[in-house]
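Asker: Please see the structure below; I have some questions.
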Amino acid sequence: MAGTFYDYLKRQRELSPKTRERYERTARRWEDTRATPEGWLKRHITSSTPPNTANVLIAAARHYATWEGRTLDLAGVPKIRGNPSEGFKRVGLNEAELADYGLVVTDASEPYRTLLQLLPLTGTRIGEITSLRQEGVTMRGRRPGIEVLGKGQKLRWVPLTEDAVELIRSYVDHEAPDGPWLFPSPQSSTRHISPGSVRKHLRELRKNMNGYARQVTPHILRHTCATMLMQEDVPLRVVQAILGHQSMATTALYQHPTADDLADAMERL
């Protein structure tokens with residue numbers, strides 16, 4: 001293990017400073033008692049633990065185990081389910097849930113791993129990303145992006161973050177997909193992977209997730225991207241163009257406070 005756990009957290013660019021602070025505080029709690037993350041979780045997570053709290057604790061423990069070079073063993077830790085009604089709102093994963101999702105998806109086989117990692121980074125619909133052609137990874141000036149076929153057979157260009165570019169580059173270098181599709185079907189390179197196959201794979205992966213993340217779907221990952229864009233004060237019309245919404249009223253549905261926003265507001269009292 002190179003450096004301390006806290007050095008490791010500083011290298012995780014997807015985590016905000018506030019999230020890193022939460023994980024540091026959590027890790028110090030089991031380090032102070034000389035317990036393993038698993039042993040500490042078993043004592044501190046019960047069936048009545050709020051999902052958001054459990055998500056933070058487990059996400060911190062997953063990162064700790066990754067730093068130690070192993071997989072977190074959640075046997076004996078209660079499974080915490082979120083409010084089922086939340087799934088019908090335009091609610092994405094919070095930072096802790098997204099970090100937990102990212103760690104679980106890292107263990108997936110290709111092409112599922114790269115595809116599932118790209119969904120929250122691009123905000124694309126599952127059918128748009130599965131049918132992405134290799135030639136659809138394009139540049140506009142110096143800006144990298146992907147050209148996807150959206151609703152109404154309309155082509156839409158979606159810019160890529162540095163992390164998304166690196167994911168695609170690494171995937172292409174190692175997998176060298178044959179044929180026209182970036183994510184070909186495992187059965188035949190003449191067809192692209194099906195959305196149903198990705199959903200099935202995700203259902204298996206989310207058994208190892210916790211709280212609201214256990215309900216994650218490709219569409220919730222689209223909501224996650226949209227919510228993060230809104231939290232960064234990206235103009236509504238720009239978010240609309242990225243997501244491919246015909247109506248701005250649809251995009252405006254993401255203009256709501258998240259659970260973390262509400263909790264942070266109350267902490268100021």
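Residues are named by chain letter and number: chains run A, B, ... in the order of the structure tokens, numbers start at 1 in each chain, and ligands are numbered from 1 in the order shown.
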Counting only C-alpha atoms, give me one row per residue of region 210-248 of chain A with an atom at most 12 Å from an atom of region 37-52 of chain A, showing the shortest contact pair and its distance in Å to one decimal, sorted by chain then residue number, as JSON lines.

Answerer:
{"residue": "A:Asn210", "atom": "CA", "partner": "A:Pro51", "partner_atom": "CA", "distance": 7.8}
{"residue": "A:Gly211", "atom": "CA", "partner": "A:Pro51", "partner_atom": "CA", "distance": 4.8}
{"residue": "A:Tyr212", "atom": "CA", "partner": "A:Pro51", "partner_atom": "CA", "distance": 6.9}
{"residue": "A:Ala213", "atom": "CA", "partner": "A:Pro51", "partner_atom": "CA", "distance": 9.4}
{"residue": "A:Arg214", "atom": "CA", "partner": "A:Pro51", "partner_atom": "CA", "distance": 10.5}

Asker: Once you count only C-alpha atoms, what closest atom pair and distance in Å to one decimal does each residue of region 44-136 of chain A within 8 Å of region 20-32 of chain A have, with rows by chain and rising residue number, as a tab-separated table?

Answerer:
residue	atom	partner	partner_atom	distance
A:Val56	CA	A:Tyr23	CA	7.4
A:Leu57	CA	A:Thr26	CA	6.6
A:Ala59	CA	A:Tyr23	CA	7.8
A:Ala60	CA	A:Tyr23	CA	4.8
A:Ala61	CA	A:Ala27	CA	7.3
A:Tyr64	CA	A:Ala27	CA	7.6

Asker: Mind checking DSSP for region 18-158 of chain A and telling me the strand (DSSP E) residues as a PyMOL selection string?

Answerer: chain A and resi 137-140+143-149+155-158

Asker: Using only N, CA and C atoms, please write the residues we just selected to a file, as an mmCIF file, in the first residue's frame.

Answerer:
data_model
loop_
_atom_site.group_PDB
_atom_site.id
_atom_site.type_symbol
_atom_site.label_atom_id
_atom_site.label_comp_id
_atom_site.auth_asym_id
_atom_site.auth_seq_id
_atom_site.Cartn_x
_atom_site.Cartn_y
_atom_site.Cartn_z
ATOM 1 N N VAL A 137 -17.253 8.354 -31.855
ATOM 2 C CA VAL A 137 -16.344 9.024 -30.920
ATOM 3 C C VAL A 137 -15.581 10.050 -31.740
ATOM 4 N N THR A 138 -15.930 11.317 -31.581
ATOM 5 C CA THR A 138 -15.465 12.355 -32.490
ATOM 6 C C THR A 138 -14.871 13.551 -31.743
ATOM 7 N N MET A 139 -14.298 14.434 -32.521
ATOM 8 C CA MET A 139 -13.784 15.703 -32.010
ATOM 9 C C MET A 139 -14.537 16.838 -32.688
ATOM 10 N N ARG A 140 -14.847 17.854 -31.935
ATOM 11 C CA ARG A 140 -15.370 19.101 -32.493
ATOM 12 C C ARG A 140 -14.385 20.184 -32.098
ATOM 13 N N ARG A 143 -12.503 19.599 -28.826
ATOM 14 C CA ARG A 143 -13.384 19.014 -27.824
ATOM 15 C C ARG A 143 -13.746 17.577 -28.179
ATOM 16 N N PRO A 144 -13.414 16.596 -27.327
ATOM 17 C CA PRO A 144 -13.818 15.213 -27.591
ATOM 18 C C PRO A 144 -15.272 14.988 -27.183
ATOM 19 N N GLY A 145 -15.953 14.116 -27.910
ATOM 20 C CA GLY A 145 -17.339 13.815 -27.575
ATOM 21 C C GLY A 145 -17.811 12.577 -28.303
ATOM 22 N N ILE A 146 -19.085 12.271 -28.124
ATOM 23 C CA ILE A 146 -19.688 11.131 -28.800
ATOM 24 C C ILE A 146 -20.951 11.596 -29.509
ATOM 25 N N GLU A 147 -21.200 11.021 -30.681
ATOM 26 C CA GLU A 147 -22.391 11.335 -31.458
ATOM 27 C C GLU A 147 -23.352 10.169 -31.322
ATOM 28 N N VAL A 148 -24.487 10.416 -30.659
ATOM 29 C CA VAL A 148 -25.440 9.341 -30.387
ATOM 30 C C VAL A 148 -26.742 9.603 -31.137
ATOM 31 N N LEU A 149 -27.477 8.518 -31.393
ATOM 32 C CA LEU A 149 -28.758 8.608 -32.078
ATOM 33 C C LEU A 149 -29.855 8.581 -31.033
ATOM 34 N N LEU A 155 -29.590 12.878 -34.297
ATOM 35 C CA LEU A 155 -28.213 12.771 -33.854
ATOM 36 C C LEU A 155 -27.907 13.881 -32.854
ATOM 37 N N ARG A 156 -27.183 13.533 -31.809
ATOM 38 C CA ARG A 156 -26.829 14.510 -30.769
ATOM 39 C C ARG A 156 -25.373 14.304 -30.383
ATOM 40 N N TRP A 157 -24.627 15.381 -30.280
ATOM 41 C CA TRP A 157 -23.233 15.313 -29.849
ATOM 42 C C TRP A 157 -23.152 15.617 -28.372
ATOM 43 N N VAL A 158 -22.506 14.715 -27.617
ATOM 44 C CA VAL A 158 -22.361 14.860 -26.166
ATOM 45 C C VAL A 158 -20.873 14.984 -25.837
#

Asker: With DSSP run on the backbone, what are the alpha helix (DSSP H) residues within region 1-246 of chain A? I'd like them as a ChimeraX atom specification.

Answerer: /A:5-10,17-32,37-44,51-67,95-105,112-122,126-130,162-175,195-205,218-231,236-243

Asker: Output the selection as a CSV table (one decimal), in the first residue's frame - C-alpha atoms for each residue.

Answerer:
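That gives us out.csv:
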chain,number,residue,atom,x,y,z
A,5,PHE,CA,-5.5,5.9,3.2
A,6,TYR,CA,-5.8,9.6,3.4
A,7,ASP,CA,-3.2,10.0,0.6
A,8,TYR,CA,-5.3,7.5,-1.4
A,9,LEU,CA,-8.4,9.6,-1.0
A,10,LYS,CA,-6.7,12.7,-2.3
A,17,PRO,CA,-13.5,17.6,-0.6
A,18,LYS,CA,-16.6,17.2,1.6
A,19,THR,CA,-17.0,13.5,0.7
A,20,ARG,CA,-13.3,12.9,1.3
A,21,GLU,CA,-13.7,14.5,4.8
A,22,ARG,CA,-16.7,12.2,5.6
A,23,TYR,CA,-14.7,9.1,4.5
A,24,GLU,CA,-11.7,10.2,6.6
A,25,ARG,CA,-13.9,10.8,9.7
A,26,THR,CA,-15.5,7.3,9.2
A,27,ALA,CA,-12.1,5.6,8.8
A,28,ARG,CA,-10.7,7.1,11.9
A,29,ARG,CA,-13.6,5.7,13.9
A,30,TRP,CA,-12.7,2.1,13.1
A,31,GLU,CA,-9.0,2.8,13.2
A,32,ASP,CA,-9.4,4.3,16.7
A,37,PRO,CA,-14.0,-1.9,8.5
A,38,GLU,CA,-16.3,-5.0,8.2
A,39,GLY,CA,-16.4,-5.6,12.0
A,40,TRP,CA,-17.1,-1.9,12.6
A,41,LEU,CA,-19.9,-1.9,10.0
A,42,LYS,CA,-21.6,-4.9,11.6
A,43,ARG,CA,-21.7,-3.1,14.9
A,44,HIS,CA,-22.9,0.3,13.6
A,51,PRO,CA,-30.0,4.7,3.9
A,52,ASN,CA,-28.0,7.8,3.3
A,53,THR,CA,-26.0,7.2,6.5
A,54,ALA,CA,-25.4,3.6,5.6
A,55,ASN,CA,-24.3,4.5,2.1
A,56,VAL,CA,-21.6,6.9,3.4
A,57,LEU,CA,-20.3,4.3,5.9
A,58,ILE,CA,-20.2,1.5,3.3
A,59,ALA,CA,-18.7,3.7,0.6
A,60,ALA,CA,-15.9,4.7,3.0
A,61,ALA,CA,-15.3,1.1,3.9
A,62,ARG,CA,-15.2,0.0,0.2
A,63,HIS,CA,-12.5,2.7,-0.5
A,64,TYR,CA,-10.6,1.6,2.5
A,65,ALA,CA,-10.6,-2.1,1.3
A,66,THR,CA,-9.6,-1.0,-2.2
A,67,TRP,CA,-6.6,0.9,-0.7
A,95,GLU,CA,-21.8,11.3,-4.1
A,96,ALA,CA,-21.5,8.4,-1.6
A,97,GLU,CA,-23.8,6.2,-3.6
A,98,LEU,CA,-22.1,7.0,-6.9
A,99,ALA,CA,-18.7,6.2,-5.3
A,100,ASP,CA,-20.1,2.9,-4.1
A,101,TYR,CA,-21.6,2.2,-7.6
A,102,GLY,CA,-18.3,3.0,-9.2
A,103,LEU,CA,-16.3,0.6,-7.1
A,104,VAL,CA,-18.8,-2.3,-7.6
A,105,VAL,CA,-18.9,-1.7,-11.4
A,112,TYR,CA,-20.2,-3.8,-19.3
A,113,ARG,CA,-17.6,-2.2,-17.1
A,114,THR,CA,-16.8,0.7,-19.5
A,115,LEU,CA,-20.4,1.1,-20.6
A,116,LEU,CA,-21.8,1.3,-17.1
A,117,GLN,CA,-19.0,3.7,-16.0
A,118,LEU,CA,-19.8,6.0,-18.9
A,119,LEU,CA,-23.6,6.3,-18.2
A,120,PRO,CA,-23.3,8.7,-15.3
A,121,LEU,CA,-20.6,10.7,-17.0
A,122,THR,CA,-22.5,11.3,-20.2
A,126,ILE,CA,-29.1,3.2,-22.4
A,127,GLY,CA,-30.2,2.7,-26.1
A,128,GLU,CA,-28.0,5.6,-27.2
A,129,ILE,CA,-24.8,4.3,-25.5
A,130,THR,CA,-25.3,0.7,-26.5
A,162,GLU,CA,-11.3,13.7,-19.3
A,163,ASP,CA,-12.3,10.7,-17.2
A,164,ALA,CA,-14.7,9.5,-19.9
A,165,VAL,CA,-12.1,10.0,-22.6
A,166,GLU,CA,-9.6,7.9,-20.6
A,167,LEU,CA,-12.3,5.2,-20.1
A,168,ILE,CA,-12.9,4.8,-23.8
A,169,ARG,CA,-9.2,5.0,-24.7
A,170,SER,CA,-8.3,2.3,-22.2
A,171,TYR,CA,-11.3,0.1,-23.3
A,172,VAL,CA,-10.4,0.4,-27.0
A,173,ASP,CA,-6.7,-0.3,-26.4
A,174,HIS,CA,-7.4,-3.5,-24.4
A,175,GLU,CA,-10.6,-4.8,-26.1
A,195,PRO,CA,-29.9,-2.7,-23.6
A,196,GLY,CA,-31.6,-5.7,-22.0
A,197,SER,CA,-28.2,-7.5,-21.6
A,198,VAL,CA,-26.8,-4.4,-19.8
A,199,ARG,CA,-29.8,-4.1,-17.5
A,200,LYS,CA,-29.5,-7.8,-16.6
A,201,HIS,CA,-25.8,-7.4,-15.8
A,202,LEU,CA,-26.5,-4.3,-13.7
A,203,ARG,CA,-29.2,-6.2,-11.7
A,204,GLU,CA,-26.6,-8.7,-10.7
A,205,LEU,CA,-24.0,-6.1,-9.8
A,218,PRO,CA,-29.5,3.1,-16.4
A,219,HIS,CA,-32.2,5.8,-16.3
A,220,ILE,CA,-31.3,6.6,-12.7
A,221,LEU,CA,-27.7,7.1,-13.9
A,222,ARG,CA,-29.0,9.5,-16.5
A,223,HIS,CA,-30.8,11.4,-13.7
A,224,THR,CA,-27.5,11.4,-11.7
A,225,CYS,CA,-25.6,13.1,-14.5
A,226,ALA,CA,-28.4,15.7,-15.0
A,227,THR,CA,-28.6,16.4,-11.2
A,228,MET,CA,-24.8,16.9,-11.1
A,229,LEU,CA,-24.9,19.3,-14.0
A,230,MET,CA,-27.7,21.3,-12.3
A,231,GLN,CA,-25.7,21.4,-9.1
A,236,LEU,CA,-30.9,24.9,-18.2
A,237,ARG,CA,-30.7,25.2,-22.0
A,238,VAL,CA,-27.2,23.6,-22.1
A,239,VAL,CA,-28.4,20.7,-19.9
A,240,GLN,CA,-31.3,20.3,-22.2
A,241,ALA,CA,-29.0,20.0,-25.2
A,242,ILE,CA,-26.7,17.5,-23.5
A,243,LEU,CA,-29.6,15.2,-22.4

Asker: Name the residues in contact with Pro184 (chain A) at a cut-off of 9 Å, using only C-alpha atoms, excluding same-chain residues fewer than 5 positions from it; report them as a PyMOL selection string.

Answerer: chain A and resi 111+130-131+177-179+189-194

Asker: Have a look at CA of Leu182 (chain A) and CA of Val91 (chain A) and let me know their distance in Å, one decimal.

Answerer: 28.8 Å

Asker: A:Gly150, A:Pro78, A:Gly3, A:Pro180: which is nearest Arg133 (chain A), counting only C-alpha atoms?

Answerer: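 So, comparing all the options, the nearest one is A:Pro180.
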
Asker: Just to confirm, what's the straight-line distance from CA of Asp233 (chain A) to CA of Gly141 (chain A) in Å (one decimal)?

Answerer: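 These atoms are spaced 24.5 Å apart.
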
Asker: Report the distance between CA of Leu93 (chain A) and CA of Ala75 (chain A) in Å, rounded to one decimal place.

Answerer: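 For CA of Leu93 (chain A) relative to CA of Ala75 (chain A), the distance reads 23.5 Å.
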
Asker: Tell me which of A:Thr124, A:Thr36, A:Phe183, A:Thr4 sits closest to Leu160 (chain A), counting only C-alpha atoms.

Answerer: A:Thr124
